[in-house]
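Engineer: You'll find final.txt just under this line, and it carries compact mmCIF, C-alpha atoms.
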```
# COMPACT_ATOMS: atom_id res chain seq x y z
CA MET A 1 34.16 -23.76 2.11
CA GLU A 2 30.43 -24.14 1.37
CA ASN A 3 29.29 -24.99 -2.14
CA LYS A 4 27.26 -22.66 -4.33
CA GLN A 5 23.87 -24.15 -3.49
CA GLU A 6 24.50 -23.86 0.24
CA LEU A 7 25.63 -20.27 -0.24
CA ILE A 8 22.51 -19.46 -2.31
CA THR A 9 20.27 -20.79 0.46
CA ARG A 10 22.11 -18.72 3.07
CA LEU A 11 22.02 -15.63 0.85
CA LYS A 12 18.25 -15.89 0.45
CA GLU A 13 17.83 -15.98 4.23
CA GLN A 14 20.18 -13.00 4.63
CA ILE A 15 18.40 -10.97 1.90
CA ILE A 16 15.02 -11.57 3.55
CA ARG A 17 16.42 -10.50 6.92
CA GLN A 18 18.37 -7.49 5.60
CA LEU A 19 15.50 -6.14 3.50
CA LYS A 20 12.83 -6.96 6.11
CA LEU A 21 10.86 -9.05 3.60
CA ASP A 22 8.95 -10.62 6.47
CA ASP A 23 6.28 -12.18 4.26
CA LYS A 24 8.79 -13.95 2.04
CA LYS A 25 10.38 -17.37 2.50
CA PRO A 26 13.69 -18.50 0.92
CA GLU A 27 11.80 -20.88 -1.34
CA ASP A 28 9.81 -17.91 -2.73
CA ILE A 29 12.99 -16.56 -4.32
CA GLY A 30 14.21 -18.37 -7.43
CA ASP A 31 17.97 -18.77 -7.82
CA HIS A 32 17.90 -16.93 -11.14
CA ASP A 33 14.93 -14.60 -10.54
CA PRO A 34 15.76 -10.92 -11.18
CA LEU A 35 16.15 -9.12 -7.87
CA PHE A 36 15.25 -5.66 -9.18
CA VAL A 37 12.03 -4.30 -10.72
CA GLU A 38 10.60 -7.72 -11.51
CA GLY A 39 11.14 -10.71 -9.25
CA LEU A 40 11.55 -9.28 -5.76
CA GLY A 41 10.75 -5.75 -6.97
CA LEU A 42 13.78 -4.20 -5.32
CA ASP A 43 14.99 -0.65 -6.02
CA SER A 44 18.13 1.48 -5.64
CA ILE A 45 17.61 1.84 -1.88
CA ASP A 46 17.63 -1.93 -1.57
CA ALA A 47 20.86 -2.02 -3.59
CA LEU A 48 22.44 -0.12 -0.69
CA GLU A 49 21.23 -2.81 1.67
CA LEU A 50 22.75 -5.53 -0.52
CA ILE A 51 26.07 -3.65 -0.62
CA VAL A 52 26.01 -3.49 3.19
CA LEU A 53 25.14 -7.19 3.32
CA LEU A 54 28.21 -8.07 1.24
CA GLN A 55 30.42 -5.93 3.48
CA GLN A 56 29.01 -7.15 6.80
CA GLU A 57 28.60 -10.83 6.06
CA TYR A 58 31.34 -11.49 3.50
CA GLN A 59 33.82 -8.59 3.95
CA ILE A 60 33.52 -7.74 0.26
CA LYS A 61 33.45 -4.15 -1.01
CA LEU A 62 32.16 -3.46 -4.50
CA LYS A 63 34.77 -1.71 -6.61
CA ASN A 64 32.27 0.54 -8.41
CA ALA A 65 28.54 1.11 -8.82
CA GLU A 66 28.44 -0.35 -12.34
CA GLU A 67 29.71 -3.64 -10.97
CA GLY A 68 26.58 -3.90 -8.83
CA GLN A 69 24.29 -4.26 -11.84
CA ASP A 70 25.90 -7.58 -12.74
CA VAL A 71 26.53 -8.77 -9.18
CA PHE A 72 22.96 -8.15 -7.98
CA ARG A 73 21.19 -9.54 -11.05
CA SER A 74 20.04 -12.60 -9.10
CA VAL A 75 20.91 -14.60 -6.01
CA SER A 76 22.92 -16.92 -8.26
CA THR A 77 25.10 -14.07 -9.60
CA MET A 78 25.63 -12.81 -6.05
CA ALA A 79 26.80 -16.27 -5.03
CA ASP A 80 29.18 -16.45 -8.00
CA TYR A 81 30.66 -13.07 -7.04
CA ILE A 82 31.16 -14.10 -3.41
CA LEU A 83 32.73 -17.45 -4.37
CA ASP A 84 35.10 -15.73 -6.83
CA HIS A 85 36.25 -13.41 -4.04
CA GLN A 86 36.65 -16.24 -1.56
CA ASN A 87 38.64 -18.31 -4.07
CA ALA A 88 40.87 -15.31 -4.88
CA ALA A 89 41.52 -14.77 -1.17
CA HIS A 90 42.81 -18.31 -0.67
CA MET B 1 -11.00 -1.80 4.73
CA ARG B 2 -11.82 -2.29 8.38
CA ASN B 3 -12.30 -5.09 10.92
CA GLY B 4 -11.13 -7.87 8.64
CA ILE B 5 -13.21 -6.99 5.60
CA ILE B 6 -12.78 -5.04 2.39
CA VAL B 7 -15.99 -3.55 1.05
CA LYS B 8 -16.36 -1.93 -2.34
CA ASP B 9 -19.59 -0.17 -3.29
CA ASP B 10 -21.42 -1.97 -0.45
CA THR B 11 -20.17 -5.38 -1.59
CA VAL B 12 -17.69 -7.38 0.48
CA VAL B 13 -14.78 -8.23 -1.85
CA PHE B 14 -12.53 -9.84 0.78
CA ARG B 15 -12.99 -11.18 4.28
CA ASN B 16 -10.48 -12.78 6.64
CA ASN B 17 -10.00 -13.37 10.37
CA GLU B 18 -6.40 -12.11 10.34
CA LYS B 19 -5.34 -8.61 11.36
CA GLY B 20 -2.77 -5.99 10.40
CA GLY B 21 0.05 -7.11 8.12
CA VAL B 22 -1.12 -10.73 7.96
CA PHE B 23 -4.57 -9.58 6.83
CA LEU B 24 -2.97 -7.43 4.13
CA LYS B 25 -0.83 -10.32 2.88
CA GLU B 26 -3.88 -12.57 2.72
CA ALA B 27 -5.84 -9.84 0.92
CA TYR B 28 -2.94 -9.23 -1.47
CA GLU B 29 -2.94 -12.90 -2.44
CA GLY B 30 -6.71 -13.36 -2.27
CA LEU B 31 -7.43 -10.39 -4.53
CA GLY B 32 -4.62 -11.34 -6.93
CA VAL B 33 -2.89 -7.98 -6.66
CA ASP B 34 0.45 -9.17 -8.17
CA TYR B 35 2.88 -6.32 -7.44
CA PRO B 36 6.18 -7.69 -6.04
CA ARG B 37 7.19 -4.41 -4.36
CA PHE B 38 4.35 -5.08 -1.91
CA TYR B 39 6.58 -7.38 0.14
CA LYS B 40 9.13 -4.68 0.89
CA MET B 41 6.62 -1.98 1.84
CA ASP B 42 5.69 -0.69 5.28
CA LEU B 43 2.22 -1.37 6.70
CA LEU B 44 0.76 1.93 5.45
CA SER B 45 1.95 1.41 1.88
CA LYS B 46 0.74 -2.19 1.90
CA ALA B 47 -2.69 -1.03 3.03
CA GLY B 48 -2.74 1.62 0.29
CA THR B 49 -1.58 -0.80 -2.39
CA VAL B 50 -4.26 -3.37 -1.58
CA ALA B 51 -7.04 -0.79 -1.12
CA VAL B 52 -6.29 1.13 -4.33
CA ASP B 53 -6.07 -2.11 -6.28
CA ALA B 54 -9.54 -3.08 -5.03
CA LEU B 55 -10.86 0.44 -5.67
CA LEU B 56 -9.64 0.72 -9.27
CA LYS B 57 -10.08 -2.85 -10.50
CA GLY B 58 -13.04 -2.81 -12.85
CA SER B 59 -13.86 0.78 -11.96
CA MET B 60 -11.23 2.88 -13.69
CA ASP B 61 -10.00 2.65 -17.28
CA LEU B 62 -6.29 2.92 -16.52
CA ALA B 63 -5.34 2.83 -20.19
CA ALA B 64 -7.48 5.90 -20.86
CA ALA B 65 -6.43 7.79 -17.73
CA ARG B 66 -4.17 10.80 -18.23
CA PRO B 67 -1.27 10.50 -15.77
CA GLU B 68 -0.81 14.28 -15.46
CA THR B 69 -4.39 14.88 -14.32
CA THR B 70 -4.76 11.85 -12.07
CA GLY B 71 -3.85 12.59 -8.46
CA LEU B 72 -4.03 11.32 -4.90
CA VAL B 73 -5.11 13.09 -1.70
CA PHE B 74 -4.99 11.10 1.52
CA SER B 75 -5.19 11.77 5.22
CA ASN B 76 -4.78 9.80 8.42
CA ARG B 77 -4.29 10.05 12.18
CA ASN B 78 -1.05 8.16 12.80
CA ALA B 79 1.10 9.38 9.89
CA SER B 80 3.93 6.83 9.40
CA ILE B 81 4.41 6.04 13.11
CA GLU B 82 4.45 2.28 12.48
CA ALA B 83 7.44 2.61 10.13
CA ASP B 84 9.02 5.30 12.33
CA VAL B 85 9.10 3.01 15.37
CA GLN B 86 10.35 0.06 13.35
CA TYR B 87 13.16 2.20 11.94
CA LEU B 88 14.04 3.56 15.39
CA GLU B 89 14.28 0.07 16.83
CA ALA B 90 16.31 -1.25 13.88
CA SER B 91 18.67 1.75 14.07
CA LYS B 92 19.99 0.54 17.41
CA GLU B 93 21.77 -2.13 15.38
CA TYR B 94 21.98 -0.61 11.90
CA PRO B 95 20.15 2.38 10.26
CA SER B 96 18.46 0.53 7.43
CA PRO B 97 17.83 2.62 4.25
CA ALA B 98 15.05 0.19 3.28
CA LEU B 99 13.17 1.09 6.49
CA PHE B 100 14.11 4.77 6.48
CA VAL B 101 12.43 5.43 3.11
CA TYR B 102 9.04 4.65 4.66
CA THR B 103 9.33 7.14 7.53
CA LEU B 104 6.95 9.63 5.90
CA PRO B 105 3.23 9.02 5.36
CA ASN B 106 3.21 10.38 1.80
CA ILE B 107 5.44 7.49 0.69
CA VAL B 108 2.24 5.51 0.18
CA ILE B 109 1.30 8.08 -2.47
CA GLY B 110 4.67 7.53 -4.11
CA GLU B 111 4.23 3.76 -4.14
CA ILE B 112 0.80 4.02 -5.75
CA SER B 113 1.99 6.65 -8.24
CA ILE B 114 4.94 4.46 -9.26
CA ARG B 115 2.68 1.49 -9.81
CA TYR B 116 0.08 3.27 -11.93
CA LYS B 117 2.37 6.02 -13.33
CA PHE B 118 0.13 8.76 -11.91
CA LYS B 119 1.78 12.18 -12.11
CA GLY B 120 -0.95 14.56 -10.94
CA GLU B 121 -1.19 16.71 -7.80
CA ASN B 122 -0.95 14.88 -4.52
CA ALA B 123 -1.04 15.60 -0.81
CA PHE B 124 -1.13 13.78 2.50
CA PHE B 125 -2.74 15.45 5.53
CA VAL B 126 -2.60 14.34 9.15
CA SER B 127 -5.62 14.97 11.36
CA GLU B 128 -7.21 13.48 14.46
CA THR B 129 -10.24 12.17 12.58
CA PHE B 130 -11.49 11.93 9.00
CA ASP B 131 -12.26 15.52 7.99
CA ALA B 132 -14.75 15.19 5.14
CA ASP B 133 -15.20 18.97 4.85
CA TRP B 134 -11.50 19.53 4.25
CA MET B 135 -11.13 16.54 1.91
CA HIS B 136 -14.11 17.72 -0.13
CA TRP B 137 -12.88 21.31 -0.31
CA TYR B 138 -9.32 20.40 -1.25
CA VAL B 139 -10.18 17.87 -3.97
CA THR B 140 -12.93 20.10 -5.38
CA ASP B 141 -10.47 22.98 -5.60
CA LEU B 142 -7.95 20.85 -7.53
CA MET B 143 -10.64 19.73 -9.95
CA GLN B 144 -12.22 23.17 -10.41
CA ARG B 145 -8.83 24.55 -11.33
CA ASN B 146 -8.49 21.70 -13.87
CA LEU B 147 -5.36 20.43 -12.16
CA LEU B 148 -7.05 17.06 -11.80
CA LYS B 149 -9.66 15.16 -13.79
CA THR B 150 -9.46 12.09 -11.59
CA CYS B 151 -8.59 11.87 -7.90
CA ILE B 152 -8.20 8.95 -5.52
CA CYS B 153 -8.79 10.38 -2.10
CA GLY B 154 -9.74 9.44 1.44
CA TRP B 155 -8.54 8.10 4.76
CA ILE B 156 -5.75 5.57 5.10
CA ASP B 157 -4.57 4.69 8.59
CA ALA B 158 -2.55 1.65 9.63
CA ILE B 159 -1.01 0.95 13.01
CA GLY B 160 -0.34 -2.48 14.50
CA ASP B 161 -3.36 -4.70 14.02
CA ARG B 162 -5.65 -1.79 13.22
CA LEU B 163 -6.39 -0.95 9.61
CA ASP B 164 -8.82 1.84 8.76
CA VAL B 165 -8.98 2.67 5.08
CA CYS B 166 -11.80 4.39 3.21
CA LEU B 167 -11.01 5.53 -0.32
CA PHE B 168 -13.02 7.33 -2.98
CA LEU B 169 -12.54 7.45 -6.74
CA VAL B 170 -13.56 10.94 -7.86
CA GLU B 171 -13.93 11.55 -11.59
CA ALA B 172 -14.90 14.80 -13.33
CA GLY B 173 -18.08 14.39 -15.33
CA ALA B 174 -18.66 10.79 -14.21
CA ALA B 175 -21.98 9.45 -15.48
CA ALA B 176 -22.47 6.97 -12.64
CA GLY B 177 -21.82 6.73 -8.92
CA ALA B 178 -22.63 8.85 -5.91
CA ALA B 179 -22.18 12.60 -6.00
CA PHE B 180 -18.95 13.94 -4.52
CA THR B 181 -20.35 15.71 -1.48
CA THR B 182 -19.31 16.11 2.15
CA GLU B 183 -22.45 14.26 3.21
CA ASN B 184 -21.64 11.25 1.00
CA LEU B 185 -18.03 11.17 2.18
CA ASN B 186 -19.15 11.18 5.81
CA GLY B 187 -21.94 8.69 5.16
CA ILE B 188 -19.64 6.18 3.45
CA TYR B 189 -16.83 6.59 5.99
CA ASN B 190 -19.08 6.30 9.05
CA LYS B 191 -21.21 3.43 7.81
CA ASP B 192 -21.11 0.27 9.92
CA TYR B 193 -19.80 -2.43 7.59
CA GLY B 194 -19.86 -5.05 10.35
CA LYS B 195 -17.69 -8.11 10.05
```
Go ahead and express the file in the form of C-alpha cells.

Structural biologist:
Amino acid sequence: MENKQELITRLKEQIIRQLKLDDKKPEDIGDHDPLFVEGLGLDSIDALELIVLLQQEYQIKLKNAEEGQDVFRSVSTMADYILDHQNAAH
Amino acid sequence: MRNGIIVKDDTVVFRNNEKGGVFLKEAYEGLGVDYPRFYKMDLLSKAGTVAVDALLKGSMDLAAARPETTGLVFSNRNASIEADVQYLEASKEYPSPALFVYTLPNIVIGEISIRYKFKGENAFFVSETFDADWMHWYVTDLMQRNLLKTCICGWIDAIGDRLDVCLFLVEAGAAAGAAFTTENLNGIYNKDYGK
C-alpha cells in the first residue's frame, strides 16, 4: 500500500486531470491548501467531479453530502479519507 | 485583446507571442489578475476574466459601484462552441459536469458577476459580426430606463488560437472618456492595433 505522501502526489495529478485544470501542475497545489473558494477556487460542480473521482479511482462512495465538506477540505484530508477506507477494507 | 496584445485606451498593457489559452494564462499572470477560478474556466470565460480585469483596473471604483445597477451585455460569433466541442469529446468517456457548465456563452457573464458581485441586467447575443448599432441601442435602453448606471459591454469571441475581445465601460454621467455612440463603438472595434 502506498504511503500518504505518494497518495497525495497521485491525487493531485488525478484532480488536475478530472477537473481539466490544464494550466496547473501538481506542485502548484499545496497539500493543505483549501480546494474550494480559495486555493483552487473549486465550486459545487467540481465537488461532483471529486465524488466521481473517489468512486472511479478508489471505489469509495461518500455516505452523505455533509461528509464531503470535511473530506474535500484539502488534498491531505482526501488522502486521509482514502487511507482510512483502505485500512478498514483490509 | 487581439493578435497577441491587450490594448486599453490606446495603450498596450500586455503583449506576448503566445496564442489562445496559453496567451490568456500568460496575460493572467503578467497582469496579476489573481482569481483562482480562472484555471478551471473555459476559453471564453478566461478571455472575459482577463479582459474585464484589464478594463476595470484603475478605471472603475468597485467599492462605490452599486451591484444592482451594474450589468453586462456581450456578444460574439462562436457562442460557446469551444467548450461545446470539448464537452462532446470528453463525453465519449465520461460526461464531465465541470465541462458541461461552460456549454453556454453567457456563463462568462456569470463568472464575471460572481467575481465582482454584479447583480444588474445582463445579456449575451450571438451574431455574425460585431453589431455596434444593436449594442448601442440595447445598452442605451437599459440605462435610459434606469435599470443600469454602469454597463460593461462589447464583443468577446474565443475559439482555438483566435481571441477577439473588445470591451467598453459605459457609465451614466461620466465626466471623462469618449461618448457612448455607435460611431465610437465601431471606430474602437475596427481600429488596427497591430502587433

Engineer: Compile a residue-level contact table for chain A against chain B at a cut-off of 9 Å, reporting for every qualifying residue the shortest atom pair and its distance in Å to one decimal, with only C-alpha atoms counted, rows ordered by chain and ascending number, as CSV.

Structural biologist:
```
residue,atom,partner,partner_atom,distance
A:Gln18,CA,B:Ser96,CA,8.2
A:Leu19,CA,B:Ala98,CA,6.3
A:Lys20,CA,B:Lys40,CA,6.8
A:Leu21,CA,B:Lys40,CA,5.4
A:Asp22,CA,B:Tyr39,CA,7.5
A:Asp23,CA,B:Tyr39,CA,6.3
A:Lys24,CA,B:Tyr39,CA,7.2
A:Val37,CA,B:Arg37,CA,8.0
A:Glu38,CA,B:Pro36,CA,7.0
A:Gly39,CA,B:Pro36,CA,6.6
A:Leu40,CA,B:Pro36,CA,5.6
A:Gly41,CA,B:Arg37,CA,4.6
A:Leu42,CA,B:Arg37,CA,6.7
A:Asp43,CA,B:Arg37,CA,8.8
A:Ile45,CA,B:Ala98,CA,6.0
A:Asp46,CA,B:Ala98,CA,5.9
A:Leu48,CA,B:Pro97,CA,7.3
A:Glu49,CA,B:Pro97,CA,6.9
```

Engineer: Using all atoms listed in the file, which protein or nucleic acid residues come within 8 Å of Gly48 of chain B? Drop anything in the same chain fewer than 6 positions from it, and give the result as number ranges by chain.

Structural biologist: B: 108, 112, 156, 165

Engineer: Emit the selected residues as a compact mmCIF listing (two decimals), in the frame of the given file, including C-alpha atoms.

Structural biologist:
```
# COMPACT_ATOMS: atom_id res chain seq x y z
CA VAL B 108 2.24 5.51 0.18
CA ILE B 112 0.80 4.02 -5.75
CA ILE B 156 -5.75 5.57 5.10
CA VAL B 165 -8.98 2.67 5.08
```

Engineer: Have a look at atom CA of Ile114 of chain B and atom CA of Ala179 of chain B and let me know their distance in Å, one decimal.

Structural biologist: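 Atom CA of Ala179 of chain B lies at a distance of 28.5 Å from atom CA of Ile114 of chain B.
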
Engineer: Expressed in Å to a single decimal, how great is the separation between atom CA of Ala64 of chain B and atom CA of Phe118 of chain B?

Structural biologist: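 Between these atoms lies a distance of 12.1 Å.
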
Engineer: What does the distance from atom CA of Arg162 of chain B to atom CA of Gly20 of chain B come to in Å, to one decimal?

Structural biologist: 5.8 Å

Engineer: For segment 59-77 of chain A, where the input has fewer atoms than it should, I would like N, CA, C and O atoms rebuilt and written as a PDB file, in the coordinates of the input.

Structural biologist:
```pdb
ATOM      1  N   GLN A  59      32.653  -9.485   3.998  1.00  0.00           N
ATOM      2  CA  GLN A  59      33.820  -8.590   3.950  1.00  0.00           C
ATOM      3  C   GLN A  59      34.246  -8.288   2.518  1.00  0.00           C
ATOM      4  O   GLN A  59      35.432  -8.256   2.176  1.00  0.00           O
ATOM      5  N   ILE A  60      33.245  -8.077   1.671  1.00  0.00           N
ATOM      6  CA  ILE A  60      33.520  -7.740   0.260  1.00  0.00           C
ATOM      7  C   ILE A  60      33.007  -6.329  -0.022  1.00  0.00           C
ATOM      8  O   ILE A  60      31.865  -6.007   0.283  1.00  0.00           O
ATOM      9  N   LYS A  61      33.872  -5.500  -0.600  1.00  0.00           N
ATOM     10  CA  LYS A  61      33.450  -4.150  -1.010  1.00  0.00           C
ATOM     11  C   LYS A  61      33.401  -4.092  -2.528  1.00  0.00           C
ATOM     12  O   LYS A  61      34.363  -4.466  -3.199  1.00  0.00           O
ATOM     13  N   LEU A  62      32.258  -3.602  -3.050  1.00  0.00           N
ATOM     14  CA  LEU A  62      32.160  -3.460  -4.500  1.00  0.00           C
ATOM     15  C   LEU A  62      33.145  -2.399  -4.963  1.00  0.00           C
ATOM     16  O   LEU A  62      33.316  -1.363  -4.312  1.00  0.00           O
ATOM     17  N   LYS A  63      33.775  -2.662  -6.111  1.00  0.00           N
ATOM     18  CA  LYS A  63      34.770  -1.710  -6.610  1.00  0.00           C
ATOM     19  C   LYS A  63      34.116  -0.459  -7.173  1.00  0.00           C
ATOM     20  O   LYS A  63      34.599   0.648  -7.022  1.00  0.00           O
ATOM     21  N   ASN A  64      32.988  -0.623  -7.854  1.00  0.00           N
ATOM     22  CA  ASN A  64      32.270   0.540  -8.410  1.00  0.00           C
ATOM     23  C   ASN A  64      30.793   0.211  -8.566  1.00  0.00           C
ATOM     24  O   ASN A  64      30.387  -0.954  -8.515  1.00  0.00           O
ATOM     25  N   ALA A  65      30.000   1.275  -8.767  1.00  0.00           N
ATOM     26  CA  ALA A  65      28.540   1.110  -8.820  1.00  0.00           C
ATOM     27  C   ALA A  65      28.111   0.254 -10.004  1.00  0.00           C
ATOM     28  O   ALA A  65      27.160  -0.519  -9.907  1.00  0.00           O
ATOM     29  N   GLU A  66      28.830   0.400 -11.146  1.00  0.00           N
ATOM     30  CA  GLU A  66      28.440  -0.350 -12.340  1.00  0.00           C
ATOM     31  C   GLU A  66      28.539  -1.862 -12.090  1.00  0.00           C
ATOM     32  O   GLU A  66      27.757  -2.643 -12.614  1.00  0.00           O
ATOM     33  N   GLU A  67      29.507  -2.234 -11.276  1.00  0.00           N
ATOM     34  CA  GLU A  67      29.710  -3.640 -10.970  1.00  0.00           C
ATOM     35  C   GLU A  67      28.458  -4.246 -10.321  1.00  0.00           C
ATOM     36  O   GLU A  67      28.131  -5.411 -10.532  1.00  0.00           O
ATOM     37  N   GLY A  68      27.753  -3.424  -9.551  1.00  0.00           N
ATOM     38  CA  GLY A  68      26.580  -3.900  -8.830  1.00  0.00           C
ATOM     39  C   GLY A  68      25.479  -4.420  -9.730  1.00  0.00           C
ATOM     40  O   GLY A  68      24.762  -5.352  -9.386  1.00  0.00           O
ATOM     41  N   GLN A  69      25.358  -3.824 -10.926  1.00  0.00           N
ATOM     42  CA  GLN A  69      24.290  -4.260 -11.840  1.00  0.00           C
ATOM     43  C   GLN A  69      24.428  -5.727 -12.200  1.00  0.00           C
ATOM     44  O   GLN A  69      23.449  -6.436 -12.349  1.00  0.00           O
ATOM     45  N   ASP A  70      25.673  -6.169 -12.397  1.00  0.00           N
ATOM     46  CA  ASP A  70      25.900  -7.580 -12.740  1.00  0.00           C
ATOM     47  C   ASP A  70      25.852  -8.461 -11.491  1.00  0.00           C
ATOM     48  O   ASP A  70      25.274  -9.542 -11.511  1.00  0.00           O
ATOM     49  N   VAL A  71      26.443  -7.965 -10.421  1.00  0.00           N
ATOM     50  CA  VAL A  71      26.530  -8.770  -9.180  1.00  0.00           C
ATOM     51  C   VAL A  71      25.132  -9.046  -8.628  1.00  0.00           C
ATOM     52  O   VAL A  71      24.818 -10.160  -8.214  1.00  0.00           O
ATOM     53  N   PHE A  72      24.274  -8.022  -8.623  1.00  0.00           N
ATOM     54  CA  PHE A  72      22.960  -8.150  -7.980  1.00  0.00           C
ATOM     55  C   PHE A  72      21.846  -8.532  -8.958  1.00  0.00           C
ATOM     56  O   PHE A  72      20.680  -8.277  -8.709  1.00  0.00           O
ATOM     57  N   ARG A  73      22.222  -9.146 -10.078  1.00  0.00           N
ATOM     58  CA  ARG A  73      21.190  -9.540 -11.050  1.00  0.00           C
ATOM     59  C   ARG A  73      20.267 -10.608 -10.461  1.00  0.00           C
ATOM     60  O   ARG A  73      19.063 -10.589 -10.669  1.00  0.00           O
ATOM     61  N   SER A  74      20.838 -11.519  -9.724  1.00  0.00           N
ATOM     62  CA  SER A  74      20.040 -12.600  -9.100  1.00  0.00           C
ATOM     63  C   SER A  74      20.831 -13.134  -7.901  1.00  0.00           C
ATOM     64  O   SER A  74      21.992 -12.775  -7.697  1.00  0.00           O
ATOM     65  N   VAL A  75      20.203 -13.987  -7.138  1.00  0.00           N
ATOM     66  CA  VAL A  75      20.910 -14.600  -6.010  1.00  0.00           C
ATOM     67  C   VAL A  75      22.078 -15.444  -6.534  1.00  0.00           C
ATOM     68  O   VAL A  75      23.156 -15.500  -5.930  1.00  0.00           O
ATOM     69  N   SER A  76      21.873 -16.079  -7.676  1.00  0.00           N
ATOM     70  CA  SER A  76      22.920 -16.920  -8.260  1.00  0.00           C
ATOM     71  C   SER A  76      24.152 -16.082  -8.626  1.00  0.00           C
ATOM     72  O   SER A  76      25.285 -16.496  -8.361  1.00  0.00           O
ATOM     73  N   THR A  77      23.947 -14.911  -9.233  1.00  0.00           N
ATOM     74  CA  THR A  77      25.100 -14.070  -9.600  1.00  0.00           C
ATOM     75  C   THR A  77      25.783 -13.512  -8.352  1.00  0.00           C
ATOM     76  O   THR A  77      26.997 -13.327  -8.339  1.00  0.00           O
TER      77      THR A  77
END
```
